[in-house]
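Structure file target05.tsv with TSV, C-alpha atoms and all ligand atoms:
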chain	number	residue	atom	x	y	z
A	13	MET	CA	110.22	152.04	64.27
A	14	PRO	CA	106.79	150.41	63.70
A	15	GLU	CA	106.58	148.00	60.82
A	16	GLU	CA	105.74	149.74	57.55
A	17	ARG	CA	103.91	148.05	54.70
A	18	VAL	CA	105.10	148.68	51.13
A	19	GLN	CA	101.79	150.38	50.30
A	20	ASP	CA	102.19	152.74	53.27
A	21	HIS	CA	105.56	153.85	51.96
A	22	TYR	CA	104.02	154.85	48.62
A	23	ALA	CA	100.67	156.02	50.05
A	24	ARG	CA	102.46	158.91	51.77
A	25	SER	CA	101.84	160.76	48.51
A	26	GLY	CA	98.16	161.30	49.54
A	27	SER	CA	94.90	160.24	47.91
A	28	GLY	CA	94.72	159.42	44.23
A	29	GLY	CA	92.62	162.53	43.57
A	30	ALA	CA	95.12	164.74	45.38
A	31	ILE	CA	98.05	163.23	43.44
A	32	ALA	CA	96.33	163.81	40.07
A	33	ILE	CA	95.38	167.40	40.98
A	34	ARG	CA	98.94	168.14	42.13
A	35	ILE	CA	100.46	166.74	38.96
A	36	ILE	CA	98.12	168.58	36.59
A	37	ALA	CA	98.53	171.83	38.58
A	38	ALA	CA	102.35	171.55	38.39
A	39	LEU	CA	102.19	170.95	34.64
A	40	ARG	CA	99.86	173.95	34.11
A	41	ALA	CA	101.98	176.20	36.34
A	42	HIS	CA	105.04	175.31	34.27
A	43	ALA	CA	103.64	175.07	30.73
A	44	GLY	CA	100.58	177.35	30.85
A	45	GLY	CA	96.94	176.84	31.76
A	46	ASP	CA	95.97	175.69	28.27
A	47	VAL	CA	98.66	172.98	27.98
A	48	ALA	CA	97.30	169.72	26.56
A	49	ILE	CA	97.24	166.91	29.13
A	50	THR	CA	98.85	164.02	27.24
A	51	PRO	CA	101.15	161.10	28.06
A	52	GLU	CA	103.94	163.21	26.52
A	53	THR	CA	103.34	166.40	28.54
A	54	LEU	CA	102.81	164.40	31.75
A	55	ALA	CA	106.02	162.41	31.22
A	56	PRO	CA	108.34	164.47	33.50
A	57	LEU	CA	105.86	163.83	36.32
A	58	ASP	CA	104.47	160.31	36.04
A	59	HIS	CA	107.34	157.89	35.28
A	60	PHE	CA	108.26	156.91	38.83
A	61	HIS	CA	111.82	155.60	38.44
A	62	GLY	CA	115.35	156.96	38.01
A	63	ARG	CA	115.92	158.83	34.72
A	64	GLY	CA	112.16	159.05	34.12
A	65	VAL	CA	110.90	158.74	30.57
A	66	LEU	CA	114.43	158.14	29.22
A	67	ALA	CA	114.53	154.89	31.18
A	68	THR	CA	111.03	153.99	29.93
A	69	GLU	CA	112.25	154.53	26.35
A	70	LYS	CA	115.13	152.14	26.98
A	71	LEU	CA	112.79	149.53	28.42
A	72	VAL	CA	110.40	149.90	25.50
A	73	ALA	CA	113.24	149.38	23.00
A	74	LEU	CA	113.65	145.93	24.59
A	75	LEU	CA	109.92	145.25	24.87
A	76	GLU	CA	109.25	146.02	21.17
A	77	PRO	CA	105.45	146.38	21.53
A	78	LEU	CA	103.40	146.12	18.35
A	79	ALA	CA	100.15	147.87	17.47
A	80	GLY	CA	97.10	146.02	18.73
A	81	GLU	CA	98.97	143.91	21.27
A	82	THR	CA	98.01	143.39	24.90
A	83	ILE	CA	100.72	144.53	27.31
A	84	LEU	CA	100.95	144.08	31.08
A	85	ASP	CA	102.67	146.56	33.41
A	86	ILE	CA	103.45	144.82	36.72
A	87	GLY	CA	103.59	147.49	39.45
A	88	SER	CA	102.27	150.30	37.27
A	89	GLY	CA	102.53	153.16	39.80
A	90	ILE	CA	100.52	156.19	38.66
A	91	GLY	CA	100.46	154.84	35.11
A	92	GLY	CA	102.90	157.10	33.26
A	93	PRO	CA	104.77	154.32	31.42
A	94	ALA	CA	101.49	152.50	30.61
A	95	ARG	CA	99.92	155.62	29.05
A	96	TRP	CA	103.11	156.49	27.21
A	97	ILE	CA	103.44	152.99	25.67
A	98	ALA	CA	99.72	152.73	24.80
A	99	ALA	CA	99.78	156.14	23.09
A	100	LYS	CA	103.05	155.64	21.18
A	101	TYR	CA	102.54	152.04	20.09
A	102	ASP	CA	98.76	151.93	19.74
A	103	CYS	CA	98.39	148.93	21.99
A	104	SER	CA	96.31	148.28	25.08
A	105	VAL	CA	98.08	148.24	28.45
A	106	THR	CA	96.84	146.76	31.73
A	107	GLY	CA	98.57	148.01	34.87
A	108	VAL	CA	98.44	146.17	38.19
A	109	ASP	CA	99.58	147.90	41.37
A	110	LEU	CA	99.38	147.24	45.11
A	111	THR	CA	98.98	150.87	46.22
A	112	ALA	CA	95.32	151.96	46.01
A	113	PRO	CA	95.94	155.73	45.82
A	114	PHE	CA	98.38	155.17	42.93
A	115	CYS	CA	95.72	153.14	41.09
A	116	ASP	CA	93.17	155.93	41.65
A	117	ALA	CA	95.65	158.59	40.48
A	118	ALA	CA	96.47	156.47	37.41
A	119	ARG	CA	92.76	156.20	36.50
A	120	GLU	CA	92.26	159.96	36.93
A	121	LEU	CA	95.29	160.73	34.77
A	122	ASN	CA	94.07	158.19	32.17
A	123	ALA	CA	90.77	160.09	32.00
A	124	ALA	CA	92.44	163.53	31.95
A	125	SER	CA	94.71	162.49	29.07
A	126	GLY	CA	92.04	160.68	27.05
A	127	MET	CA	93.73	157.29	27.52
A	128	ALA	CA	91.07	155.49	29.59
A	129	ASP	CA	90.02	153.32	26.63
A	130	ARG	CA	93.56	151.99	26.13
A	131	VAL	CA	94.92	151.79	29.69
A	132	ARG	CA	93.17	149.70	32.34
A	133	ILE	CA	94.34	149.81	35.96
A	134	LEU	CA	93.72	147.00	38.45
A	135	GLU	CA	94.55	147.11	42.14
A	136	GLY	CA	96.32	143.89	43.08
A	137	SER	CA	99.55	142.12	43.86
A	138	ALA	CA	102.26	141.00	41.48
A	139	LEU	CA	102.19	137.76	43.49
A	140	ALA	CA	98.54	137.03	42.62
A	141	LEU	CA	97.78	138.89	39.40
A	142	PRO	CA	94.00	139.33	39.01
A	143	LEU	CA	94.25	138.20	35.39
A	144	PRO	CA	93.60	135.05	33.34
A	145	ASP	CA	96.28	132.66	32.10
A	146	ALA	CA	97.98	133.28	28.74
A	147	SER	CA	96.30	136.64	28.15
A	148	PHE	CA	99.20	139.03	27.33
A	149	ASP	CA	101.60	139.34	24.41
A	150	ARG	CA	104.25	141.13	26.46
A	151	ALA	CA	104.84	142.20	30.05
A	152	TYR	CA	107.25	144.49	31.83
A	153	SER	CA	108.07	145.58	35.34
A	154	HIS	CA	110.07	148.71	36.12
A	155	ASN	CA	111.57	149.29	39.59
A	156	VAL	CA	109.07	147.10	41.43
A	157	VAL	CA	110.70	143.81	42.46
A	158	MET	CA	112.97	145.63	44.94
A	159	ASN	CA	109.85	145.73	47.17
A	160	ILE	CA	109.12	142.00	46.89
A	161	ALA	CA	110.92	139.20	48.74
A	162	ASP	CA	109.36	136.39	46.70
A	163	LYS	CA	110.72	137.32	43.29
A	164	ALA	CA	110.30	133.77	41.99
A	165	GLY	CA	106.58	134.21	42.78
A	166	VAL	CA	106.44	137.41	40.69
A	167	TYR	CA	108.11	135.70	37.75
A	168	ARG	CA	105.80	132.66	38.04
A	169	GLU	CA	102.78	134.96	37.84
A	170	ALA	CA	104.23	136.83	34.86
A	171	PHE	CA	104.87	133.48	33.16
A	172	ARG	CA	101.30	132.33	33.84
A	173	VAL	CA	99.62	135.38	32.27
A	174	LEU	CA	101.92	135.62	29.23
A	175	LYS	CA	100.97	133.85	26.02
A	176	PRO	CA	103.42	131.19	24.79
A	177	GLY	CA	106.31	133.03	23.12
A	178	GLY	CA	105.50	136.16	25.19
A	179	ARG	CA	108.29	138.48	26.29
A	180	LEU	CA	109.04	139.82	29.78
A	181	VAL	CA	111.27	142.87	30.24
A	182	LEU	CA	112.57	143.83	33.66
A	183	SER	CA	114.39	147.02	34.60
A	184	HIS	CA	115.26	147.39	38.26
A	185	VAL	CA	117.84	147.73	41.01
A	186	ASN	CA	119.86	144.69	42.07
A	187	ALA	CA	122.26	144.29	44.98
A	188	GLY	CA	125.78	145.67	44.60
A	189	PRO	CA	128.89	144.06	46.08
A	190	ASN	CA	129.45	146.65	48.84
A	191	GLY	CA	126.61	146.05	51.29
A	192	PRO	CA	123.11	147.51	51.56
A	193	PRO	CA	122.24	151.10	50.62
A	194	GLU	CA	121.70	153.81	53.19
A	195	PHE	CA	117.99	154.25	53.84
A	196	PRO	CA	115.62	155.84	52.99
A	197	VAL	CA	115.77	155.14	49.24
A	198	PRO	CA	112.96	155.80	46.74
A	199	TRP	CA	111.53	152.27	47.02
A	200	ALA	CA	111.79	151.86	50.78
A	201	ALA	CA	112.09	154.07	53.85
A	202	VAL	CA	113.32	151.14	55.93
A	203	PRO	CA	115.48	148.07	55.17
A	204	GLU	CA	112.51	145.76	55.98
A	205	ASN	CA	110.82	146.84	52.70
A	206	SER	CA	113.88	146.43	50.49
A	207	PHE	CA	114.77	143.12	48.86
A	208	LEU	CA	117.69	143.46	46.48
A	209	ALA	CA	118.60	140.28	44.64
A	210	THR	CA	121.96	139.34	43.19
A	211	ASP	CA	122.21	138.67	39.46
A	212	GLU	CA	122.63	134.99	40.21
A	213	GLU	CA	119.41	134.90	42.25
A	214	THR	CA	117.58	136.79	39.51
A	215	ARG	CA	118.69	134.31	36.85
A	216	ARG	CA	117.78	131.38	39.10
A	217	ASP	CA	114.29	132.78	39.89
A	218	LEU	CA	113.50	133.56	36.24
A	219	SER	CA	114.65	130.13	35.09
A	220	SER	CA	112.74	128.35	37.85
A	221	ALA	CA	109.58	130.16	36.73
A	222	GLY	CA	110.13	128.69	33.24
A	223	PHE	CA	111.59	131.71	31.40
A	224	GLU	CA	114.43	131.61	28.89
A	225	ILE	CA	116.73	134.57	29.59
A	226	LEU	CA	117.54	136.27	26.29
A	227	THR	CA	119.68	139.16	27.57
A	228	PHE	CA	120.85	140.31	31.01
A	229	HIS	CA	122.69	143.64	31.16
A	230	ASP	CA	124.23	145.58	33.99
A	231	THR	CA	123.17	149.15	33.10
A	232	THR	CA	124.77	150.88	36.10
A	233	PRO	CA	126.04	154.24	34.83
A	234	THR	CA	129.85	154.31	34.91
A	235	THR	CA	130.06	158.11	34.72
A	236	GLY	CA	127.89	161.10	35.54
A	237	THR	CA	126.11	159.93	38.70
A	238	ALA	CA	128.26	161.99	41.09
A	239	GLN	CA	127.79	165.11	38.94
A	240	ALA	CA	124.03	164.55	38.72
A	241	ARG	CA	123.87	164.08	42.50
A	242	HIS	CA	125.93	167.21	43.10
A	243	LYS	CA	123.59	169.21	40.83
A	244	LEU	CA	120.56	167.91	42.73
A	245	GLU	CA	122.19	168.70	46.08
A	246	THR	CA	123.14	172.24	45.11
A	247	GLU	CA	120.27	173.28	42.82
A	248	GLY	CA	117.40	171.13	44.10
A	249	PRO	CA	114.96	169.29	41.82
A	250	PRO	CA	113.74	170.70	38.47
A	251	PRO	CA	110.24	172.28	38.56
A	252	LEU	CA	108.71	169.14	37.06
A	253	GLY	CA	109.99	166.01	38.74
A	254	MET	CA	109.17	163.07	40.97
A	255	HIS	CA	108.93	165.32	44.06
A	256	VAL	CA	105.55	166.56	42.78
A	257	LEU	CA	104.24	163.01	43.28
A	258	ALA	CA	106.35	161.96	46.24
A	259	GLY	CA	106.85	165.21	48.20
A	260	GLU	CA	109.83	167.46	48.96
A	261	HIS	CA	111.46	164.78	51.18
A	262	PHE	CA	111.97	162.69	48.01
A	263	LEU	CA	115.12	164.69	47.23
A	264	ARG	CA	116.95	162.95	50.08
A	265	LEU	CA	115.78	159.55	48.84
A	266	GLN	CA	117.03	160.32	45.31
A	267	ILE	CA	120.38	161.47	46.64
A	268	ASN	CA	120.75	158.30	48.74
A	269	SER	CA	119.88	156.23	45.68
A	270	MET	CA	122.53	157.94	43.56
A	271	ARG	CA	125.12	157.52	46.31
A	272	ALA	CA	124.29	153.81	46.55
A	273	LEU	CA	124.99	153.44	42.82
A	274	GLU	CA	128.25	155.39	43.12
A	275	ASP	CA	129.37	153.27	46.11
A	276	GLY	CA	128.60	149.89	44.51
A	277	ARG	CA	125.82	149.18	47.00
A	278	THR	CA	123.27	148.89	44.20
A	279	ARG	CA	123.37	148.24	40.47
A	280	THR	CA	120.79	148.73	37.73
A	281	VAL	CA	119.93	145.83	35.44
A	282	GLU	CA	117.81	145.28	32.31
A	283	ILE	CA	116.67	141.78	31.48
A	284	VAL	CA	114.77	140.33	28.53
A	285	ALA	CA	113.18	136.92	29.06
A	286	ARG	CA	110.80	134.79	27.02
A	287	LYS	CA	108.12	132.25	27.79
A	288	PRO	CA	108.89	129.34	25.46
A	289	ALA	CA	106.44	129.01	22.55
B	1	LIG	C1	109.02	152.91	42.29
B	1	LIG	S1	107.34	152.60	41.92
B	1	LIG	C2	107.44	152.26	40.15
B	1	LIG	C3	106.09	152.46	39.46
B	1	LIG	C4	106.11	152.23	37.95
B	1	LIG	N1	106.60	150.91	37.60
B	1	LIG	C5	106.92	153.28	37.25
B	1	LIG	O1	108.05	152.95	36.86
B	1	LIG	O2	106.43	154.42	37.05
B	1	LIG	C6	107.08	150.95	42.59
B	1	LIG	C7	105.66	150.49	42.47
B	1	LIG	O3	105.60	149.10	42.77
B	1	LIG	C8	104.37	148.85	43.41
B	1	LIG	N2	104.46	147.58	44.12
B	1	LIG	C9	105.29	147.23	45.13
B	1	LIG	N3	105.07	145.96	45.51
B	1	LIG	C10	104.08	145.47	44.72
B	1	LIG	C11	103.41	144.23	44.62
B	1	LIG	N4	103.68	143.21	45.44
B	1	LIG	N5	102.46	144.08	43.68
B	1	LIG	C12	102.14	145.11	42.85
B	1	LIG	N6	102.74	146.32	42.91
B	1	LIG	C13	103.69	146.51	43.82
B	1	LIG	C14	104.20	150.06	44.32
B	1	LIG	O4	102.88	150.21	44.75
B	1	LIG	C15	104.69	151.19	43.41
B	1	LIG	O5	103.64	151.73	42.67
Encoding of this model in structure tokens:
Amino acid sequence: MPEERVQDHYARSGSGGAIAIRIIAALRAHAGGDVAITPETLAPLDHFHGRGVLATEKLVALLEPLAGETILDIGSGIGGPARWIAAKYDCSVTGVDLTAPFCDAARELNAASGMADRVRILEGSALALPLPDASFDRAYSHNVVMNIADKAGVYREAFRVLKPGGRLVLSHVNAGPNGPPEFPVPWAAVPENSFLATDEETRRDLSSAGFEILTFHDTTPTTGTAQARHKLETEGPPPLGMHVLAGEHFLRLQINSMRALEDGRTRTVEIVARKPA
């Protein structure tokens, strides 16, 4: 198989304009032509990670954003979490993402939902954030570092752009004890684009970047994954889901991802870290 870049994996979803049109059309088909386009109504379609907006809510409970703060989303996808946090917490969110069509889709959805003044999207790499030092109160990254080999580099960049005392929240997939997952999975079609760290490596990389680790939780569901997978396999996806962004083939990726969790090949983790004041 020819080498695939991370951006190519995600860019299969089409141009940014096409993604935004597809998402808004799916929402209107489901909720009626006069449905308001808001971060809330878009939420089943634009949070690109397992358990959707519920997982964003969990992350935000750890992030504790305050009104007026500057927040950074590292690997912001099509911007669902950034819009949702900016709208709910009245703060300004900057998203940085490597995949150009996702950045374009995020900007279009910002405009369509009236959030363009509070959510800024920059195309760029988590390994070289196009942002000044000490410019954010808080930062988060949700299901992104699985695509990046140099995780210490990501954490160093997050540390650089956070203000002293700033908080970093990570929610992602780490390696399980039972070998690699079966590919394709939602973050990678091929093993060459998947970099799952152990907890030990994650702690080491965060500490070497200068962070204090405040909490580190294994959030792998202990029940319900097999039932959820069975439902997906027998009934297919709900009308509003990630397949609208990622295409019908995404079902197989989701099923593989659930199986990997069930089999102990992957684990989900949530981490809160702090740049010393
Ligand atoms: C599974 S999506 C998650 C998107 C978003 N965090 C969310 O939860 O809705 C992973 C995202 O990480 C981005 N990504 C992967 N490697 C990156 C890198 N080196 N720098 C910035 N973004 C990256 C991809 O372009 C993609 O948008």
Note to self: Please list as a ChimeraX atom specification every residue within 10 Å of A:Ala161, counting all atoms listed in the file and excluding residues in the same chain fewer than 3 positions away.
What the structure shows: /A:157-158,164-166,204-209
Taking a cut-off of 12 Å and counting only C-alpha atoms, can you build a table that, for each residue of stretch 93-184 of chain A near stretch 249-268 of chain A, reports the nearest atom pair and how far apart they are in Å (one decimal), sorted by chain then residue number, as a tab-separated table?
residue	atom	partner	partner_atom	distance
A:Pro113	CA	A:Leu257	CA	11.3
A:Phe114	CA	A:Leu257	CA	9.8
A:Ala117	CA	A:Leu257	CA	10.1
A:Ala118	CA	A:Leu257	CA	11.7
Could the residues of chain A that have an atom at most 7 Å from ligand LIG 1 (chain B) be listed as JSON lines, each with its closest atom pair and the distance in Å to one decimal, counting only C-alpha atoms and all ligand atoms and ordered by chain and ascending residue number?
{"residue": "A:Val18", "atom": "CA", "partner": "B:LIG1", "partner_atom": "C9", "distance": 6.2}
{"residue": "A:Gln19", "atom": "CA", "partner": "B:LIG1", "partner_atom": "O4", "distance": 5.7}
{"residue": "A:Tyr22", "atom": "CA", "partner": "B:LIG1", "partner_atom": "O4", "distance": 6.1}
{"residue": "A:Asp58", "atom": "CA", "partner": "B:LIG1", "partner_atom": "O2", "distance": 6.3}
{"residue": "A:His59", "atom": "CA", "partner": "B:LIG1", "partner_atom": "O2", "distance": 4.0}
{"residue": "A:Phe60", "atom": "CA", "partner": "B:LIG1", "partner_atom": "O2", "distance": 3.6}
{"residue": "A:His61", "atom": "CA", "partner": "B:LIG1", "partner_atom": "O1", "distance": 4.9}
{"residue": "A:Ile86", "atom": "CA", "partner": "B:LIG1", "partner_atom": "C12", "distance": 6.3}
{"residue": "A:Gly87", "atom": "CA", "partner": "B:LIG1", "partner_atom": "N6", "distance": 3.8}
{"residue": "A:Ser88", "atom": "CA", "partner": "B:LIG1", "partner_atom": "C4", "distance": 4.4}
{"residue": "A:Gly89", "atom": "CA", "partner": "B:LIG1", "partner_atom": "O5", "distance": 3.4}
{"residue": "A:Ile90", "atom": "CA", "partner": "B:LIG1", "partner_atom": "O2", "distance": 6.4}
{"residue": "A:Gly91", "atom": "CA", "partner": "B:LIG1", "partner_atom": "O2", "distance": 6.3}
{"residue": "A:Gly92", "atom": "CA", "partner": "B:LIG1", "partner_atom": "O2", "distance": 5.8}
{"residue": "A:Pro93", "atom": "CA", "partner": "B:LIG1", "partner_atom": "O2", "distance": 5.9}
{"residue": "A:Val108", "atom": "CA", "partner": "B:LIG1", "partner_atom": "C12", "distance": 6.0}
{"residue": "A:Asp109", "atom": "CA", "partner": "B:LIG1", "partner_atom": "N6", "distance": 3.9}
{"residue": "A:Leu110", "atom": "CA", "partner": "B:LIG1", "partner_atom": "N6", "distance": 4.1}
{"residue": "A:Thr111", "atom": "CA", "partner": "B:LIG1", "partner_atom": "O4", "distance": 4.2}
{"residue": "A:Phe114", "atom": "CA", "partner": "B:LIG1", "partner_atom": "O5", "distance": 6.3}
{"residue": "A:Gly136", "atom": "CA", "partner": "B:LIG1", "partner_atom": "C12", "distance": 6.0}
{"residue": "A:Ser137", "atom": "CA", "partner": "B:LIG1", "partner_atom": "N5", "distance": 3.5}
{"residue": "A:Ala138", "atom": "CA", "partner": "B:LIG1", "partner_atom": "N5", "distance": 3.8}
{"residue": "A:Leu139", "atom": "CA", "partner": "B:LIG1", "partner_atom": "N4", "distance": 6.0}
{"residue": "A:Ser153", "atom": "CA", "partner": "B:LIG1", "partner_atom": "N1", "distance": 6.0}
{"residue": "A:His154", "atom": "CA", "partner": "B:LIG1", "partner_atom": "N1", "distance": 4.4}
{"residue": "A:Asn155", "atom": "CA", "partner": "B:LIG1", "partner_atom": "C2", "distance": 5.1}
{"residue": "A:Val156", "atom": "CA", "partner": "B:LIG1", "partner_atom": "O3", "distance": 4.2}
{"residue": "A:Val157", "atom": "CA", "partner": "B:LIG1", "partner_atom": "N3", "distance": 6.8}
{"residue": "A:Asn159", "atom": "CA", "partner": "B:LIG1", "partner_atom": "N3", "distance": 5.1}
{"residue": "A:Ile160", "atom": "CA", "partner": "B:LIG1", "partner_atom": "N4", "distance": 5.8}
{"residue": "A:Pro198", "atom": "CA", "partner": "B:LIG1", "partner_atom": "C1", "distance": 6.6}
{"residue": "A:Trp199", "atom": "CA", "partner": "B:LIG1", "partner_atom": "C1", "distance": 5.4}
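Among the candidate residues A:Asp116, A:Asp102, A:Asp275, A:Glu282, the one lying nearest to A:Asn186 is A:Glu282, with distances computed using all atoms listed in the file.
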Note to self: Between A:Leu182, A:Leu57, A:Leu244, A:Ala140, which residue has the minimum interatomic distance to A:Asp162, considering all atoms listed in the file?
What the structure shows: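 Distance minimum relative to A:Asp162 lands on A:Ala140.
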Margin query: Neighbouring residues of A:Phe195 were defined as those with any atom within 9 Å, considering all atoms listed in the file; residues of the same chain fewer than 5 positions away were excluded. Please report them as a list in words.
Written below: Ala200, Ala201, Val202, Pro203, Leu265, Asn268 and Ser269 of chain A
Next item on the list: Using all atoms listed in the file, determine which residues lie at most 12 Å from stretch 41-50 of chain A, disregarding the query and same-chain residues fewer than 4 positions distant; provide the list as a VMD selection string.
Entry: chain A and resid 32 to 37 54 to 58 92 95 to 96 98 to 100 120 to 128 250 to 253
Around all the atoms of stretch 149-154 of chain A listed in the file, draw an axis-aligned box and extend it by 3 Å on each of the six sides; I want its centre and edge lengths in Å to one decimal, as lines of an AutoDock Vina configuration file.
center_x = 105.8
center_y = 144.0
center_z = 30.3
size_x = 14.5
size_y = 15.4
size_z = 17.7
Next item on the list: Can you work out which one of A:Asp145, A:Glu81, A:Glu224, A:Glu212 has the shortest atom-to-atom distance to A:Arg172, counting all atoms listed in the file?
Entry: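 Using all atoms listed in the file, the shortest distance to A:Arg172 belongs to A:Asp145.
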